[in-house]
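Below is protein23.txt, holding compact mmCIF, C-alpha atoms.
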# COMPACT_ATOMS: atom_id res chain seq x y z
CA MET A 1 57.63 103.58 83.35
CA LYS A 2 58.25 101.30 80.34
CA LYS A 3 56.92 102.64 77.04
CA GLY A 4 55.35 100.44 74.34
CA LYS A 5 58.18 101.12 71.90
CA GLU A 6 61.45 102.56 73.05
CA VAL A 7 61.27 106.33 72.61
CA LYS A 8 63.45 109.03 74.04
CA GLN A 9 62.04 111.10 76.87
CA ASN A 10 60.10 114.17 75.79
CA ALA A 11 57.62 116.67 77.24
CA ILE A 12 54.62 114.53 76.30
CA LEU A 13 55.97 111.50 78.15
CA THR A 14 57.13 113.59 81.12
CA GLN A 15 53.70 115.20 81.40
CA THR A 16 51.91 111.83 81.17
CA GLU A 17 54.26 110.24 83.72
CA TYR A 18 53.50 113.10 86.11
CA PHE A 19 49.73 112.60 85.71
CA ALA A 20 50.13 108.83 86.27
CA LYS A 21 52.07 109.59 89.45
CA VAL A 22 49.64 112.10 90.99
CA CYS A 23 46.37 110.41 90.01
CA ASP A 24 44.84 107.27 91.40
CA GLY A 25 42.21 104.74 90.43
CA LEU A 26 40.95 104.74 86.88
CA GLN A 27 42.70 108.02 86.02
CA LYS A 28 46.04 106.52 87.02
CA LYS A 29 45.29 103.43 84.95
CA PHE A 30 44.41 105.66 81.96
CA TYR A 31 47.74 107.50 82.04
CA GLU A 32 49.66 104.27 82.60
CA GLN A 33 47.91 102.82 79.54
CA GLN A 34 48.88 105.89 77.52
CA LEU A 35 52.52 105.40 78.51
CA GLN A 36 52.34 101.85 77.18
CA ASP A 37 50.61 102.89 73.95
CA PHE A 38 52.54 106.04 73.01
CA HIS A 39 54.86 105.71 70.03
CA GLU A 40 56.59 108.46 68.15
CA VAL A 41 55.69 108.99 64.50
CA LYS A 42 56.99 111.38 61.86
CA CYS A 43 54.67 113.26 59.55
CA VAL A 44 55.40 113.97 55.91
CA LYS A 45 53.88 116.66 53.72
CA LEU A 46 50.63 115.94 51.91
CA SER A 47 52.43 116.30 48.57
CA ASP A 48 54.60 113.31 49.50
CA ILE A 49 51.51 111.08 49.41
CA PHE A 50 48.77 112.78 47.43
CA THR A 51 48.69 114.07 43.86
CA ASN A 52 47.95 117.74 43.24
CA ASP A 53 44.41 116.78 42.19
CA GLU A 54 43.91 114.81 45.42
CA VAL A 55 45.13 117.77 47.52
CA ARG A 56 42.65 120.03 45.69
CA THR A 57 39.89 117.50 46.40
CA ILE A 58 40.86 117.42 50.09
CA LYS A 59 40.70 121.21 50.24
CA MET A 60 37.26 121.25 48.56
CA VAL A 61 35.66 118.30 50.37
CA VAL A 62 37.24 118.31 53.84
CA LYS A 63 37.81 122.07 54.00
CA PRO A 64 40.29 121.71 56.89
CA LYS A 65 39.54 124.10 59.74
CA LYS A 66 41.60 125.42 62.63
CA LYS A 67 40.80 123.86 66.02
CA GLU A 68 38.94 120.98 64.33
CA CYS A 69 41.65 118.35 63.97
CA TYR A 70 39.31 115.50 64.93
CA ARG A 71 36.82 116.50 62.26
CA ASN A 72 39.54 117.11 59.67
CA ALA A 73 41.19 113.72 60.26
CA HIS A 74 37.82 111.92 60.35
CA LEU A 75 36.72 113.42 57.03
CA LEU A 76 40.05 112.60 55.37
CA THR A 77 39.61 108.99 56.48
CA ALA A 78 36.09 109.00 55.01
CA LEU A 79 37.37 110.50 51.75
CA PHE A 80 40.04 107.80 51.33
CA PRO A 81 38.72 104.83 53.37
CA ASP A 82 40.87 102.26 51.58
CA ARG A 83 44.07 104.26 52.05
CA ALA A 84 43.66 106.30 55.24
CA GLN A 85 43.46 105.62 58.94
CA TYR A 86 42.57 108.09 61.66
CA VAL A 87 45.27 108.61 64.31
CA GLU A 88 44.93 110.09 67.80
CA GLY A 89 47.67 111.07 70.18
CA GLN A 90 49.48 114.22 71.13
CA VAL A 91 51.63 116.76 69.37
CA ALA A 92 54.24 118.84 71.19
CA ILE A 93 53.58 122.56 70.98
CA PHE A 94 55.37 125.74 72.08
CA ASN A 95 58.76 124.41 71.01
CA GLY A 96 58.06 121.03 72.54
CA ALA A 97 57.12 122.43 75.96
CA PHE A 98 53.99 120.32 76.41
CA GLY A 99 51.65 117.96 74.62
CA LEU A 100 48.28 118.79 73.14
CA GLU A 101 45.70 116.13 72.26
CA HIS A 102 45.50 115.93 68.49
CA ALA A 103 44.32 113.85 65.53
CA TRP A 104 46.01 113.27 62.17
CA ASN A 105 46.09 110.49 59.57
CA LYS A 106 48.12 107.56 58.34
CA VAL A 107 47.87 107.25 54.56
CA ASP A 108 49.61 104.54 52.58
CA GLY A 109 51.79 103.82 55.62
CA LYS A 110 52.91 107.44 56.13
CA TYR A 111 51.60 110.04 58.55
CA VAL A 112 50.12 113.38 57.45
CA ASP A 113 48.57 116.25 59.37
CA LEU A 114 46.20 118.26 57.20
CA THR A 115 45.22 120.50 60.13
CA PHE A 116 48.79 121.72 60.66
CA GLU A 117 49.57 121.90 56.97
CA LEU A 118 46.36 123.24 55.40
CA ALA A 119 44.40 124.92 58.22
CA LEU A 120 47.37 126.41 60.11
CA GLY A 121 49.91 126.72 57.30
CA GLU A 122 52.57 124.99 59.43
CA ASP A 123 55.16 122.38 58.47
CA PRO A 124 54.17 119.11 60.18
CA THR A 125 57.56 117.56 59.45
CA LYS A 126 59.05 119.77 62.18
CA GLU A 127 56.69 118.66 64.98
CA LEU A 128 56.91 115.86 67.55
CA TYR A 129 53.95 113.48 67.27
CA MET A 130 53.20 110.72 69.77
CA ALA A 131 50.46 108.38 68.53
CA LEU A 132 48.16 106.46 70.85
CA GLY A 133 45.85 104.68 68.42
CA GLU A 134 45.17 104.21 64.72
CA TYR A 135 41.63 103.47 63.61
CA ASN A 136 39.73 102.63 60.45
CA LEU A 137 36.62 104.41 59.22
CA ASN A 138 34.23 101.84 60.69
CA THR A 139 35.67 102.25 64.20
CA ILE A 140 35.66 106.05 64.20
CA THR A 141 32.17 106.18 62.70
CA MET A 142 30.80 103.87 65.42
CA VAL A 143 32.35 105.91 68.24
CA THR A 144 31.28 109.21 66.68
CA SER A 145 27.72 107.89 66.31
CA ASP A 146 27.70 106.89 69.99
CA THR A 147 29.14 110.14 71.34
CA GLY A 148 27.64 112.61 68.86
CA TYR A 149 30.97 114.38 68.26
CA TYR A 150 34.28 113.90 66.48
CA GLY A 151 37.32 112.68 68.37
CA SER A 152 38.17 111.06 71.69
CA ILE A 153 38.26 107.63 70.05
CA TYR A 154 41.15 106.49 72.27
CA ASN A 155 39.46 107.81 75.41
CA GLN A 156 36.08 106.25 74.58
CA ARG A 157 37.64 102.89 73.84
CA PHE A 158 39.47 103.05 77.20
CA ILE A 159 36.24 103.95 79.02
CA ASN A 160 34.30 101.15 77.30
CA ALA A 161 37.03 98.61 78.08
CA ASN A 162 37.02 99.61 81.77
CA LYS A 163 33.28 99.87 82.46
CA ASN A 164 32.18 98.01 85.57
CA LYS A 165 35.75 97.27 86.70
Would you mind writing the structure in this file as structure tokens?
Amino acid sequence: MKKGKEVKQNAILTQTEYFAKVCDGLQKKFYEQQLQDFHEVKCVKLSDIFTNDEVRTIKMVVKPKKKECYRNAHLLTALFPDRAQYVEGQVAIFNGAFGLEHAWNKVDGKYVDLTFELALGEDPTKELYMALGEYNLNTITMVTSDTGYYGSIYNQRFINANKNK
């Protein structure tokens, strides 16, 4: 399957290709769309983008929490709406064994993951990230208002685009 941008094969792509192969109908179309949209990104540390005062503000306002990446990324986008975008995709976990749905941010053209860095105390520069979509505050706020929860922006946009098809 051709990917949107040329990326080397990894567990996330292998897993998604498998799902596209074994599913049919709209599920198959969903995984095929993911294969077209996936593109690898590299995260930098928060200190590469934000000042010490900004990092303190993020810690006080967002209060990044474990297992709440969608919330964390949404609130960072709201805190810096002119600089930050919300990103959804997958991150490879367990030494790259498989992909986990995840959200992080793009700030000033660079990617950061405050959940990994602040909530989990991990180094996001060592992880494999495959982005599916990047969204501004208006888009994520509209979807969140419709669904009543953080996250699944990519999925909701796919569902809405394929209603009645």
What are the closest atom pairs, with distances in Å to one decimal, for each residue of range 3-94 of chain A lying within 12 Å of range 112-121 of chain A, using all atoms listed in the file, rows by chain and rising residue number, as a tab-separated table?
residue	atom	partner	partner_atom	distance
A:Val41	CA	A:Val112	CA	10.0
A:Lys42	CA	A:Val112	CA	8.4
A:Cys43	CA	A:Val112	CA	5.0
A:Val44	CA	A:Val112	CA	5.5
A:Lys45	CA	A:Val112	CA	6.2
A:Leu46	CA	A:Val112	CA	6.1
A:Ser47	CA	A:Val112	CA	9.6
A:Asp48	CA	A:Val112	CA	9.1
A:Ile49	CA	A:Val112	CA	8.5
A:Phe50	CA	A:Val112	CA	10.1
A:Val55	CA	A:Leu118	CA	9.7
A:Arg56	CA	A:Leu118	CA	10.9
A:Ile58	CA	A:Leu114	CA	8.9
A:Lys59	CA	A:Leu118	CA	7.9
A:Met60	CA	A:Leu118	CA	11.6
A:Val62	CA	A:Leu114	CA	9.6
A:Lys63	CA	A:Ala119	CA	8.3
A:Pro64	CA	A:Ala119	CA	5.4
A:Lys65	CA	A:Ala119	CA	5.2
A:Lys66	CA	A:Ala119	CA	5.2
A:Lys67	CA	A:Thr115	CA	8.1
A:Glu68	CA	A:Thr115	CA	7.6
A:Cys69	CA	A:Thr115	CA	5.7
A:Tyr70	CA	A:Thr115	CA	9.1
A:Arg71	CA	A:Thr115	CA	9.5
A:Asn72	CA	A:Thr115	CA	6.6
A:Ala73	CA	A:Leu114	CA	7.4
A:His74	CA	A:Leu114	CA	11.0
A:Leu75	CA	A:Leu114	CA	10.6
A:Leu76	CA	A:Leu114	CA	8.6
A:Thr77	CA	A:Leu114	CA	11.4
A:Ala84	CA	A:Val112	CA	9.8
A:Gln85	CA	A:Val112	CA	10.3
A:Tyr86	CA	A:Val112	CA	10.1
A:Val87	CA	A:Val112	CA	9.7
A:Glu88	CA	A:Asp113	CA	11.1
A:Gln90	CA	A:Asp113	CA	12.0
A:Val91	CA	A:Phe116	CA	10.4
A:Ile93	CA	A:Phe116	CA	11.4
Top pick for closest residue to Ala78 in chain A, considering A:Val61, A:Leu128, A:Phe94, A:Ala161 and counting all atoms listed in the file = A:Val61
Pairwise distance for CA of Asp82 in chain A and CA of Ala103 in chain A, rounded to one decimal in Å =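 That distance, rounded to one decimal, is 18.5 Å.
The spacing separating CA of Tyr150 in chain A from CA of Leu137 in chain A amounts to 12.2 Å.
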Grab the CA of Gln156 in chain A to CA of Gln34 in chain A distance for me, in Å with one decimal place.
-> 13.1 Å
Nearby residues (only C-alpha atoms) at most 7 Å from Gly89 in chain A, same-chain spacing under 5 positions excluded, as a PyMOL selection string = chain A and resi 101-103+130-133
Enclose the full set of atoms of range 21-32 of chain A listed in the file within a box whose edges lie along x, y and z, apply 8 Å of padding to each of the six sides, and report centre and edge lengths in Å to one decimal as lines of an AutoDock Vina configuration file.
center_x = 46.5
center_y = 107.8
center_z = 86.7
size_x = 27.1
size_y = 24.7
size_z = 25.4
In terms of the shortest atom-to-atom distance over all atoms listed in the file, which of A:Ala92, A:Tyr154, A:Gly109, A:Met142 is closest to Lys126 in chain A?
->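 Among A:Ala92, A:Tyr154, A:Gly109, A:Met142, it is A:Ala92 that comes nearest to Lys126 in chain A.
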Can you work out which one of A:Phe38, A:Gln33, A:Cys23, A:Lys110 has the shortest atom-to-atom distance to Gln9 in chain A, counting all atoms listed in the file?
-> A:Phe38
Excluding range 25-28 of chain A and any residue of its chain fewer than 5 positions from it, enumerate the residues within 12 Å of it, using only C-alpha atoms, and give them as a PyMOL selection string.
-> chain A and resi 16-20+33-35+155+158-159+161-165
